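Raw data.pdb, PDB, C-alpha atoms:
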ATOM      1  CA  MET A   1      30.173   8.042 -12.605
ATOM      2  CA  GLU A   2      32.879   7.945  -9.954
ATOM      3  CA  ASN A   3      30.867   6.339  -7.193
ATOM      4  CA  MET A   4      29.697   3.534  -9.446
ATOM      5  CA  SER A   5      33.294   2.555 -10.173
ATOM      6  CA  ILE A   6      33.915   2.254  -6.403
ATOM      7  CA  VAL A   7      30.717   0.548  -5.287
ATOM      8  CA  THR A   8      28.847  -1.675  -7.698
ATOM      9  CA  MET A   9      27.181  -3.997  -5.161
ATOM     10  CA  PHE A  10      25.660  -3.535  -1.709
ATOM     11  CA  THR A  11      25.458  -6.159   1.032
ATOM     12  CA  LEU A  12      22.244  -6.362   3.065
ATOM     13  CA  SER A  13      22.845  -7.767   6.550
ATOM     14  CA  GLY A  14      19.305  -7.719   7.949
ATOM     15  CA  LEU A  15      18.860 -11.479   7.572
ATOM     16  CA  ASN A  16      22.117 -12.578   9.192
ATOM     17  CA  GLU A  17      20.424 -13.617  12.457
ATOM     18  CA  THR A  18      17.522 -15.514  10.867
ATOM     19  CA  VAL A  19      19.391 -18.518   9.424
ATOM     20  CA  ASP A  20      17.444 -21.045  11.521
ATOM     21  CA  HIS A  21      14.017 -19.629  10.688
ATOM     22  CA  ARG A  22      14.264 -18.833   7.000
ATOM     23  CA  VAL A  23      11.844 -21.537   5.822
ATOM     24  CA  THR A  24       9.205 -20.324   8.298
ATOM     25  CA  LEU A  25       9.843 -16.677   7.352
ATOM     26  CA  PHE A  26       9.677 -17.521   3.645
ATOM     27  CA  SER A  27       6.328 -19.295   4.091
ATOM     28  CA  LEU A  28       4.824 -16.455   6.138
ATOM     29  CA  THR A  29       6.169 -13.773   3.775
ATOM     30  CA  LEU A  30       4.909 -15.593   0.679
ATOM     31  CA  MET A  31       1.492 -16.038   2.296
ATOM     32  CA  SER A  32       1.403 -12.336   3.254
ATOM     33  CA  TYR A  33       2.328 -11.262  -0.278
ATOM     34  CA  CYS A  34      -0.331 -13.539  -1.767
ATOM     35  CA  VAL A  35      -2.944 -12.058   0.601
ATOM     36  CA  ILE A  36      -1.848  -8.528  -0.375
ATOM     37  CA  LEU A  37      -2.137  -9.357  -4.079
ATOM     38  CA  LEU A  38      -5.490 -11.093  -3.645
ATOM     39  CA  VAL A  39      -7.275  -8.444  -1.576
ATOM     40  CA  ASN A  40      -5.932  -5.472  -3.518
ATOM     41  CA  VAL A  41      -6.583  -6.962  -6.958
ATOM     42  CA  THR A  42     -10.071  -8.003  -5.795
ATOM     43  CA  LEU A  43     -10.883  -4.431  -4.758
ATOM     44  CA  ILE A  44      -9.442  -2.967  -7.980
ATOM     45  CA  VAL A  45     -11.416  -5.379 -10.192
ATOM     46  CA  THR A  46     -14.583  -4.846  -8.119
ATOM     47  CA  VAL A  47     -14.407  -1.059  -8.578
ATOM     48  CA  ILE A  48     -13.531  -1.247 -12.294
ATOM     49  CA  LEU A  49     -16.262  -3.743 -13.242
ATOM     50  CA  ASN A  50     -19.105  -2.064 -11.336
ATOM     51  CA  GLU A  51     -20.292   1.242 -12.790
ATOM     52  CA  ASN A  52     -22.116   2.045  -9.537
ATOM     53  CA  LEU A  53     -18.708   2.300  -7.873
ATOM     54  CA  HIS A  54     -17.325   4.808 -10.383
ATOM     55  CA  GLU A  55     -17.517   7.565  -7.780
ATOM     56  CA  PRO A  56     -14.611   9.661  -6.435
ATOM     57  CA  MET A  57     -14.341   7.753  -3.145
ATOM     58  CA  TYR A  58     -14.106   4.353  -4.829
ATOM     59  CA  ILE A  59     -11.833   5.574  -7.629
ATOM     60  CA  LEU A  60      -9.459   6.874  -4.939
ATOM     61  CA  LEU A  61      -9.690   3.519  -3.147
ATOM     62  CA  CYS A  62      -8.753   1.817  -6.426
ATOM     63  CA  ASN A  63      -5.794   4.208  -6.738
ATOM     64  CA  LEU A  64      -4.722   3.370  -3.167
ATOM     65  CA  CYS A  65      -4.750  -0.358  -3.964
ATOM     66  CA  PHE A  66      -2.792   0.183  -7.179
ATOM     67  CA  ASN A  67      -0.154   2.102  -5.218
ATOM     68  CA  THR A  68       0.033  -0.794  -2.744
ATOM     69  CA  LEU A  69       0.774  -3.236  -5.571
ATOM     70  CA  TYR A  70       3.450  -0.858  -6.873
ATOM     71  CA  GLY A  71       5.146  -0.446  -3.489
ATOM     72  CA  THR A  72       5.081  -4.063  -2.379
ATOM     73  CA  ALA A  73       6.570  -5.124  -5.732
ATOM     74  CA  GLY A  74       9.678  -3.176  -4.703
ATOM     75  CA  PHE A  75      10.138  -5.177  -1.499
ATOM     76  CA  TYR A  76       8.583  -8.654  -1.430
ATOM     77  CA  PRO A  77      10.121 -10.346  -4.526
ATOM     78  CA  LYS A  78      13.663  -9.337  -3.509
ATOM     79  CA  PHE A  79      13.044 -10.243   0.148
ATOM     80  CA  LEU A  80      11.652 -13.677  -0.791
ATOM     81  CA  PHE A  81      14.699 -14.287  -3.003
ATOM     82  CA  ASP A  82      17.049 -13.300  -0.156
ATOM     83  CA  LEU A  83      15.329 -15.737   2.207
ATOM     84  CA  LEU A  84      16.279 -18.578  -0.139
ATOM     85  CA  SER A  85      19.783 -17.272  -0.877
ATOM     86  CA  LYS A  86      22.992 -17.559   1.141
ATOM     87  CA  GLU A  87      24.325 -14.225  -0.123
ATOM     88  CA  HIS A  88      22.239 -11.087   0.353
ATOM     89  CA  THR A  89      23.559  -8.630  -2.183
ATOM     90  CA  ILE A  90      21.971  -6.100  -4.504
ATOM     91  CA  SER A  91      23.449  -4.136  -7.384
ATOM     92  CA  TYR A  92      23.993  -0.373  -7.149
ATOM     93  CA  ALA A  93      21.249   0.292  -9.724
ATOM     94  CA  GLY A  94      18.931  -2.236  -8.043
ATOM     95  CA  CYS A  95      19.470  -0.587  -4.665
ATOM     96  CA  MET A  96      18.664   2.848  -6.050
ATOM     97  CA  LEU A  97      15.554   1.504  -7.794
ATOM     98  CA  GLN A  98      14.331  -0.311  -4.674
ATOM     99  CA  THR A  99      14.795   2.829  -2.569
ATOM    100  CA  PHE A 100      12.917   4.905  -5.138
ATOM    101  CA  VAL A 101       9.991   2.463  -5.393
ATOM    102  CA  ILE A 102       9.541   1.840  -1.651
ATOM    103  CA  TYR A 103       9.685   5.475  -0.575
ATOM    104  CA  SER A 104       7.747   6.873  -3.518
ATOM    105  CA  TYR A 105       5.093   4.291  -2.548
ATOM    106  CA  GLY A 106       5.031   5.675   0.991
ATOM    107  CA  CYS A 107       4.747   9.264  -0.251
ATOM    108  CA  CYS A 108       2.027   8.336  -2.786
ATOM    109  CA  GLU A 109       0.136   6.584   0.020
ATOM    110  CA  LEU A 110       0.064   9.799   2.055
ATOM    111  CA  SER A 111      -0.878  11.846  -1.017
ATOM    112  CA  THR A 112      -3.788   9.541  -1.856
ATOM    113  CA  LEU A 113      -5.008   9.513   1.745
ATOM    114  CA  ALA A 114      -4.857  13.326   1.767
ATOM    115  CA  LEU A 115      -6.985  13.404  -1.388
ATOM    116  CA  MET A 116      -9.433  10.933   0.171
ATOM    117  CA  ALA A 117      -9.646  13.115   3.281
ATOM    118  CA  TYR A 118     -10.419  16.143   1.099
ATOM    119  CA  ASP A 119     -13.104  14.146  -0.733
ATOM    120  CA  ARG A 120     -14.789  13.238   2.579
ATOM    121  CA  TYR A 121     -14.488  16.834   3.808
ATOM    122  CA  VAL A 122     -16.277  18.180   0.726
ATOM    123  CA  ALA A 123     -18.895  15.388   0.811
ATOM    124  CA  ILE A 124     -19.858  16.037   4.452
ATOM    125  CA  CYS A 125     -19.037  19.695   5.090
ATOM    126  CA  ARG A 126     -20.044  21.067   1.665
ATOM    127  CA  PRO A 127     -22.524  18.484   0.288
ATOM    128  CA  LEU A 128     -24.365  20.872  -2.053
ATOM    129  CA  GLN A 129     -21.127  21.707  -3.868
ATOM    130  CA  TYR A 130     -19.722  18.152  -3.889
ATOM    131  CA  HIS A 131     -20.597  17.222  -7.475
ATOM    132  CA  THR A 132     -19.432  20.634  -8.700
ATOM    133  CA  ILE A 133     -16.063  20.387  -6.952
ATOM    134  CA  MET A 134     -15.311  16.650  -7.288
ATOM    135  CA  THR A 135     -15.941  16.194 -10.994
ATOM    136  CA  LYS A 136     -14.256  13.236 -12.692
ATOM    137  CA  LYS A 137     -12.038  15.549 -14.716
ATOM    138  CA  ARG A 138     -10.821  17.395 -11.613
ATOM    139  CA  LEU A 139     -10.469  14.122  -9.711
ATOM    140  CA  PHE A 140      -8.126  12.624 -12.321
ATOM    141  CA  GLN A 141      -6.166  15.888 -12.483
ATOM    142  CA  LEU A 142      -5.670  15.737  -8.700
ATOM    143  CA  ILE A 143      -4.690  12.055  -8.853
ATOM    144  CA  GLY A 144      -2.111  12.890 -11.536
ATOM    145  CA  LEU A 145      -0.741  15.774  -9.447
ATOM    146  CA  PHE A 146      -0.613  13.667  -6.304
ATOM    147  CA  TRP A 147       1.350  10.976  -8.164
ATOM    148  CA  PHE A 148       3.678  13.494  -9.794
ATOM    149  CA  SER A 149       4.758  15.244  -6.576
ATOM    150  CA  PRO A 150       6.022  12.092  -4.761
ATOM    151  CA  LEU A 151       7.734  10.758  -7.884
ATOM    152  CA  PHE A 152       9.379  14.134  -8.528
ATOM    153  CA  CYS A 153      10.536  14.496  -4.902
ATOM    154  CA  MET A 154      12.015  11.002  -4.843
ATOM    155  CA  THR A 155      13.693  11.577  -8.223
ATOM    156  CA  VAL A 156      15.480  14.626  -6.784
ATOM    157  CA  VAL A 157      16.439  12.718  -3.614
ATOM    158  CA  MET A 158      17.797   9.741  -5.561
ATOM    159  CA  TRP A 159      19.673  11.998  -8.003
ATOM    160  CA  LEU A 160      21.470  13.620  -5.059
ATOM    161  CA  SER A 161      22.293  10.187  -3.637
ATOM    162  CA  SER A 162      23.661   9.028  -6.986
ATOM    163  CA  THR A 163      26.194  11.884  -6.949
ATOM    164  CA  LEU A 164      27.743  10.722  -3.650
ATOM    165  CA  THR A 165      31.118   8.993  -3.590
ATOM    166  CA  LEU A 166      30.672   5.982  -1.336
ATOM    167  CA  CYS A 167      33.313   4.508   0.969
ATOM    168  CA  GLY A 168      31.373   1.408   1.977
ATOM    169  CA  SER A 169      28.828  -1.091   0.694
ATOM    170  CA  HIS A 170      27.300  -2.551   3.880
ATOM    171  CA  ILE A 171      23.623  -1.771   4.607
ATOM    172  CA  ASP A 172      22.310  -2.967   7.960
ATOM    173  CA  LYS A 173      18.715  -3.471   6.789
ATOM    174  CA  LEU A 174      16.498  -5.901   4.894
ATOM    175  CA  TYR A 175      16.213  -3.464   1.980
ATOM    176  CA  CYS A 176      17.895  -0.360   0.616
ATOM    177  CA  ASP A 177      16.932   3.073   1.869
ATOM    178  CA  ASN A 178      18.264   6.536   1.151
ATOM    179  CA  TRP A 179      19.579   7.295   4.635
ATOM    180  CA  SER A 180      21.564   4.037   4.739
ATOM    181  CA  ILE A 181      23.180   4.937   1.403
ATOM    182  CA  ALA A 182      23.935   8.503   2.539
ATOM    183  CA  LYS A 183      25.693   7.201   5.677
ATOM    184  CA  LEU A 184      28.180   5.389   3.428
ATOM    185  CA  ALA A 185      29.292   8.643   1.759
ATOM    186  CA  CYS A 186      32.933   9.711   2.008
ATOM    187  CA  ALA A 187      32.158  13.441   1.838
ATOM    188  CA  SER A 188      29.571  15.803   3.333
ATOM    189  CA  THR A 189      25.896  14.987   2.814
ATOM    190  CA  THR A 190      24.541  18.397   3.837
ATOM    191  CA  ALA A 191      22.631  18.913   0.572
ATOM    192  CA  ASN A 192      21.093  15.431   0.872
ATOM    193  CA  ASN A 193      20.048  16.110   4.473
ATOM    194  CA  VAL A 194      18.490  19.480   3.664
ATOM    195  CA  VAL A 195      16.497  18.096   0.721
ATOM    196  CA  GLY A 196      15.564  15.021   2.777
ATOM    197  CA  TYR A 197      14.157  17.141   5.606
ATOM    198  CA  ILE A 198      12.269  19.341   3.117
ATOM    199  CA  VAL A 199      10.630  16.239   1.615
ATOM    200  CA  ILE A 200       9.797  14.875   5.095
ATOM    201  CA  LEU A 201       8.229  18.197   6.128
ATOM    202  CA  PHE A 202       6.327  18.430   2.830
ATOM    203  CA  PHE A 203       4.685  15.041   3.339
ATOM    204  CA  LEU A 204       4.293  15.623   7.068
ATOM    205  CA  GLY A 205       2.147  18.543   5.901
ATOM    206  CA  HIS A 206      -0.024  15.979   4.085
ATOM    207  CA  GLY A 207      -0.493  14.143   7.384
ATOM    208  CA  ILE A 208      -1.449  17.360   9.193
ATOM    209  CA  PHE A 209      -3.880  18.188   6.349
ATOM    210  CA  ILE A 210      -5.497  14.740   6.751
ATOM    211  CA  LEU A 211      -5.959  15.155  10.511
ATOM    212  CA  CYS A 212      -7.298  18.729  10.115
ATOM    213  CA  SER A 213      -9.773  17.578   7.440
ATOM    214  CA  TYR A 214     -11.156  14.893   9.726
ATOM    215  CA  TYR A 215     -11.324  17.364  12.610
ATOM    216  CA  TYR A 216     -13.720  19.526  10.560
ATOM    217  CA  VAL A 217     -15.596  16.425   9.372
ATOM    218  CA  ILE A 218     -16.095  15.176  12.946
ATOM    219  CA  ARG A 219     -17.150  18.636  14.115
ATOM    220  CA  SER A 220     -19.717  18.804  11.307
ATOM    221  CA  CYS A 221     -21.000  15.275  12.011
ATOM    222  CA  LEU A 222     -21.714  16.077  15.659
ATOM    223  CA  LYS A 223     -24.427  18.483  14.486
ATOM    224  CA  SER A 224     -26.384  15.933  12.439
ATOM    225  CA  ILE A 225     -27.485  12.331  13.079
ATOM    226  CA  GLU A 226     -27.508  11.678   9.316
ATOM    227  CA  ASP A 227     -23.923  12.932   8.981
ATOM    228  CA  ARG A 228     -22.867  10.755  11.907
ATOM    229  CA  GLY A 229     -24.056   7.677  10.025
ATOM    230  CA  LYS A 230     -22.256   8.832   6.882
ATOM    231  CA  PHE A 231     -19.086   9.418   8.930
ATOM    232  CA  MET A 232     -19.184   5.959  10.523
ATOM    233  CA  GLN A 233     -19.777   4.274   7.159
ATOM    234  CA  THR A 234     -17.283   6.083   4.913
ATOM    235  CA  CYS A 235     -14.877   8.131   7.037
ATOM    236  CA  VAL A 236     -13.875   5.711   9.802
ATOM    237  CA  PRO A 237     -12.008   3.412   7.333
ATOM    238  CA  HIS A 238     -10.174   6.448   5.895
ATOM    239  CA  LEU A 239      -9.265   7.748   9.341
ATOM    240  CA  LEU A 240      -8.002   4.369  10.580
ATOM    241  CA  SER A 241      -5.964   3.841   7.429
ATOM    242  CA  SER A 242      -4.536   7.366   7.604
ATOM    243  CA  ILE A 243      -3.467   7.022  11.240
ATOM    244  CA  ILE A 244      -1.764   3.677  10.525
ATOM    245  CA  VAL A 245       0.159   5.027   7.511
ATOM    246  CA  ILE A 246       1.108   8.392   9.094
ATOM    247  CA  PHE A 247       2.559   6.862  12.234
ATOM    248  CA  ALA A 248       4.218   3.948  10.391
ATOM    249  CA  LEU A 249       5.979   6.288   7.927
ATOM    250  CA  LEU A 250       6.891   8.879  10.559
ATOM    251  CA  PHE A 251       8.271   6.206  12.859
ATOM    252  CA  ASP A 252      10.296   4.641  10.040
ATOM    253  CA  ARG A 253      11.903   7.969   9.086
ATOM    254  CA  MET A 254      12.653   9.012  12.666
ATOM    255  CA  TYR A 255      13.958   5.581  13.651
ATOM    256  CA  SER A 256      16.198   5.364  10.562
ATOM    257  CA  ARG A 257      17.910   8.628  11.518
ATOM    258  CA  TYR A 258      17.805   8.659  15.311
ATOM    259  CA  GLY A 259      17.008   5.076  16.408
ATOM    260  CA  SER A 260      19.137   3.172  18.895
ATOM    261  CA  THR A 261      21.812   0.822  17.523
ATOM    262  CA  GLN A 262      21.547  -1.361  20.637
ATOM    263  CA  LEU A 263      18.306  -3.080  19.582
ATOM    264  CA  SER A 264      18.356  -6.690  18.400
ATOM    265  CA  GLN A 265      18.453  -7.283  14.648
ATOM    266  CA  SER A 266      15.055  -9.011  14.724
ATOM    267  CA  LEU A 267      13.408  -5.993  16.358
ATOM    268  CA  LYS A 268      15.157  -3.643  13.897
ATOM    269  CA  ASN A 269      13.799  -5.716  11.019
ATOM    270  CA  LEU A 270      10.268  -5.638  12.427
ATOM    271  CA  LEU A 271      10.360  -1.860  12.841
ATOM    272  CA  ALA A 272      11.881  -1.379   9.378
ATOM    273  CA  VAL A 273       9.203  -3.315   7.466
ATOM    274  CA  GLU A 274       6.192  -2.069   9.442
ATOM    275  CA  PHE A 275       5.024   0.472   6.859
ATOM    276  CA  ILE A 276       5.524  -1.906   3.909
ATOM    277  CA  VAL A 277       3.758  -4.870   5.568
ATOM    278  CA  ILE A 278       0.916  -3.633   7.800
ATOM    279  CA  PRO A 279      -0.897  -0.977   5.646
ATOM    280  CA  PRO A 280      -0.943  -3.097   2.438
ATOM    281  CA  ILE A 281      -2.764  -5.895   4.289
ATOM    282  CA  LEU A 282      -4.989  -3.853   6.614
ATOM    283  CA  ASN A 283      -6.132  -1.117   4.198
ATOM    284  CA  PRO A 284      -8.090  -3.312   1.744
ATOM    285  CA  ILE A 285      -9.542  -5.386   4.592
ATOM    286  CA  ILE A 286     -10.673  -2.251   6.457
ATOM    287  CA  TYR A 287     -12.228  -0.736   3.322
ATOM    288  CA  GLY A 288     -13.663  -4.007   2.057
ATOM    289  CA  LEU A 289     -15.422  -4.765   5.342
ATOM    290  CA  LYS A 290     -16.535  -1.244   6.261
ATOM    291  CA  LEU A 291     -17.661   0.284   2.952
ATOM    292  CA  LYS A 292     -21.092  -1.250   2.345
ATOM    293  CA  LYS A 293     -21.165  -0.907  -1.450
ATOM    294  CA  VAL A 294     -17.767  -2.590  -1.850
ATOM    295  CA  ARG A 295     -18.599  -5.312   0.676
ATOM    296  CA  ASP A 296     -21.951  -6.075  -0.970
ATOM    297  CA  ARG A 297     -20.424  -6.253  -4.460
ATOM    298  CA  ILE A 298     -17.651  -8.613  -3.342
ATOM    299  CA  PHE A 299     -20.033 -10.869  -1.395
ATOM    300  CA  SER A 300     -22.559 -10.959  -4.257
ATOM    301  CA  TRP A 301     -19.800 -11.890  -6.719
ATOM    302  CA  PHE A 302     -18.576 -14.745  -4.512
ATOM    303  CA  LEU A 303     -22.169 -15.855  -3.931
ATOM    304  CA  LYS A 304     -22.844 -15.955  -7.681
ATOM    305  CA  ARG A 305     -19.634 -17.903  -8.308
ATOM    306  CA  SER A 306     -20.443 -20.373  -5.521
ATOM    307  CA  THR A 307     -24.031 -20.811  -6.747
ATOM    308  CA  SER A 308     -22.820 -21.297 -10.327
ATOM    309  CA  LEU A 309     -20.330 -23.974  -9.269
ATOM    310  CA  ILE A 310     -22.946 -25.772  -7.164
ATOM    311  CA  MET A 311     -25.464 -25.719 -10.041
ATOM    312  CA  LYS A 312     -22.842 -27.121 -12.433
ATOM    313  CA  LYS A 313     -22.046 -29.930 -10.013
ATOM    314  CA  VAL A 314     -25.748 -30.678  -9.496
ATOM    315  CA  ALA A 315     -26.321 -30.654 -13.248
ATOM    316  CA  GLY A 316     -23.330 -32.956 -13.739
ATOM    317  CA  ILE A 317     -24.644 -35.381 -11.112
ATOM    318  CA  GLY A 318     -28.084 -35.281 -12.755
ATOM    319  CA  VAL A 319     -26.628 -36.115 -16.175
ATOM    320  CA  LEU A 320     -24.578 -38.933 -14.625
ATOM    321  CA  GLU A 321     -27.656 -40.391 -12.884
ATOM    322  CA  GLU A 322     -29.669 -40.206 -16.122
ATOM    323  CA  GLY A 323     -26.876 -42.063 -17.887
ATOM    324  CA  ARG A 324     -26.895 -44.759 -15.220
ATOM    325  CA  VAL A 325     -30.691 -45.167 -15.444
ATOM    326  CA  GLU A 326     -30.557 -45.421 -19.250
ATOM    327  CA  THR A 327     -27.751 -47.995 -19.025
ATOM    328  CA  ALA A 328     -29.684 -50.038 -16.468
ATOM    329  CA  THR A 329     -32.836 -49.889 -18.634
ATOM    330  CA  LEU A 330     -30.882 -51.009 -21.678
ATOM    331  CA  ASP A 331     -29.359 -53.917 -19.748
ATOM    332  CA  VAL A 332     -32.811 -55.058 -18.590
ATOM    333  CA  THR A 333     -34.179 -54.821 -22.131
ATOM    334  CA  LEU A 334     -31.311 -56.818 -23.590
ATOM    335  CA  GLY A 335     -31.600 -59.380 -20.792
TER     336      GLY A 335
END
Would it be possible to restate this file's structure as structure tokens?
Amino acid sequence: MENMSIVTMFTLSGLNETVDHRVTLFSLTLMSYCVILLVNVTLIVTVILNENLHEPMYILLCNLCFNTLYGTAGFYPKFLFDLLSKEHTISYAGCMLQTFVIYSYGCCELSTLALMAYDRYVAICRPLQYHTIMTKKRLFQLIGLFWFSPLFCMTVVMWLSSTLTLCGSHIDKLYCDNWSIAKLACASTTANNVVGYIVILFFLGHGIFILCSYYYVIRSCLKSIEDRGKFMQTCVPHLLSSIIVIFALLFDRMYSRYGSTQLSQSLKNLLAVEFIVIPPILNPIIYGLKLKKVRDRIFSWFLKRSTSLIMKKVAGIGVLEEGRVETATLDVTLG
């Protein structure tokens, strides 16, 4: 391909102003990534191992956590490596792959949240038909569809980007993104812009669907005290998570295209990583603390583990004391 013969490596300049704080940033980033892995894997394992949690809401939560692991894998390992490296470069193929993973993660996040909103809408507004509509077979079909559409959209977007002839290799961000690549093109990017806006509007429609679903849910809950309790227990985490993701993604897309170039690099970096840092940490914590079944399962598991460890230590001390008594008795007998 012609563009690959011109540009084979990209330079990322987002870390140029953080030379004096890289050790601190590396420590904080590594800690954040470890927390993300821990809380998301904990929720996934909790849902998988407990048959009582094999319900649509918890299966969708498991899917949300899996998507988080997928998306963060496209950012954190490379970012941690760059913090320890003097040169911040990435290959053409690596840049395209990172862009695909990060933004397909964002789109899958919205798709999953839209499906979760629909699940809550059916559960509260049409409770008698819930088990007929949200069967496991239909649920997995919807999950497959809602994974396919983001991956397909991003495949089309990245294919269009790969056809561009590039006249530069400098990206003023911490990671690769499609708009930054398109700005390096030598020729017109009209087709890329049109497809890009179509994809943005398509997933913006997901956000509108989420907000409309919760509007009907809230309206229904106002009529019943029982539904209000159900809303507070299961829908509030979904709504909080949805608002965080919608505004983080929308802000990232609008800022990438229309944001001011006069901002400091540190502030640009903070705004650029908002949607890949905040939702992956907050989502599992919000769900884990608010959803009673998940919270109880996690706490009971930790309680069992703690009790088991304490009992082993007590048993070990008891065996040690018995050994000491027997030794002392033997010494007295021999004496």
Please write the residues picked by the PyMOL selection byres ((chain A and resi 8) around 6) on this file as a PDB file with C-alpha atoms, in the coordinates of the input.
ATOM      1  CA  MET A   4      29.697   3.534  -9.446  1.00  0.00           C
ATOM      2  CA  VAL A   7      30.717   0.548  -5.287  1.00  0.00           C
ATOM      3  CA  MET A   9      27.181  -3.997  -5.161  1.00  0.00           C
ATOM      4  CA  SER A  91      23.449  -4.136  -7.384  1.00  0.00           C
ATOM      5  CA  TYR A  92      23.993  -0.373  -7.149  1.00  0.00           C
TER       6      TYR A  92
END
Check the smallest atom-to-atom distance from each of A:Phe75, A:Ser188, A:Leu166, A:Met254 to A:Leu30 using only C-alpha atoms, then report the winner. A:Phe75
Residue by residue, what does the PyMOL selection byres ((chain A and resi 37-41) around 9) grab here? Present the result as JSON, numbers by chain. {"A": [32, 33, 34, 35, 36, 42, 43, 44, 45, 46, 62, 64, 65, 66, 68, 69, 280, 281, 283, 284, 285, 288]}
Please expand the PyMOL selection byres ((chain A and resi 108) around 12) into the concrete residues it hits in this file, giving the result as a ChimeraX atom specification. /A:60,63-71,100-107,109-115,143-154,203,206-207,245-246,249
Export of prior selection with C-alpha atoms as a CSV table (one decimal), in the coordinates of the input:
chain,number,residue,atom,x,y,z
A,60,LEU,CA,-9.5,6.9,-4.9
A,63,ASN,CA,-5.8,4.2,-6.7
A,64,LEU,CA,-4.7,3.4,-3.2
A,65,CYS,CA,-4.8,-0.4,-4.0
A,66,PHE,CA,-2.8,0.2,-7.2
A,67,ASN,CA,-0.2,2.1,-5.2
A,68,THR,CA,0.0,-0.8,-2.7
A,69,LEU,CA,0.8,-3.2,-5.6
A,70,TYR,CA,3.4,-0.9,-6.9
A,71,GLY,CA,5.1,-0.4,-3.5
A,100,PHE,CA,12.9,4.9,-5.1
A,101,VAL,CA,10.0,2.5,-5.4
A,102,ILE,CA,9.5,1.8,-1.7
A,103,TYR,CA,9.7,5.5,-0.6
A,104,SER,CA,7.7,6.9,-3.5
A,105,TYR,CA,5.1,4.3,-2.5
A,106,GLY,CA,5.0,5.7,1.0
A,107,CYS,CA,4.7,9.3,-0.3
A,109,GLU,CA,0.1,6.6,0.0
A,110,LEU,CA,0.1,9.8,2.1
A,111,SER,CA,-0.9,11.8,-1.0
A,112,THR,CA,-3.8,9.5,-1.9
A,113,LEU,CA,-5.0,9.5,1.7
A,114,ALA,CA,-4.9,13.3,1.8
A,115,LEU,CA,-7.0,13.4,-1.4
A,143,ILE,CA,-4.7,12.1,-8.9
A,144,GLY,CA,-2.1,12.9,-11.5
A,145,LEU,CA,-0.7,15.8,-9.4
A,146,PHE,CA,-0.6,13.7,-6.3
A,147,TRP,CA,1.4,11.0,-8.2
A,148,PHE,CA,3.7,13.5,-9.8
A,149,SER,CA,4.8,15.2,-6.6
A,150,PRO,CA,6.0,12.1,-4.8
A,151,LEU,CA,7.7,10.8,-7.9
A,152,PHE,CA,9.4,14.1,-8.5
A,153,CYS,CA,10.5,14.5,-4.9
A,154,MET,CA,12.0,11.0,-4.8
A,203,PHE,CA,4.7,15.0,3.3
A,206,HIS,CA,0.0,16.0,4.1
A,207,GLY,CA,-0.5,14.1,7.4
A,245,VAL,CA,0.2,5.0,7.5
A,246,ILE,CA,1.1,8.4,9.1
A,249,LEU,CA,6.0,6.3,7.9
What is the atom CA of A:Leu80-atom CA of A:Ser266 distance in Å, reported with one decimal? 16.6 Å
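Counting only C-alpha atoms and comparing A:Cys176, A:Val23, A:Ile210, A:Val277, the residue that lies closest to A:Ser85 is A:Val23.
The interatomic distance for the pair atom CA of A:Leu84 and atom CA of A:Phe26 works out to 7.7 Å.
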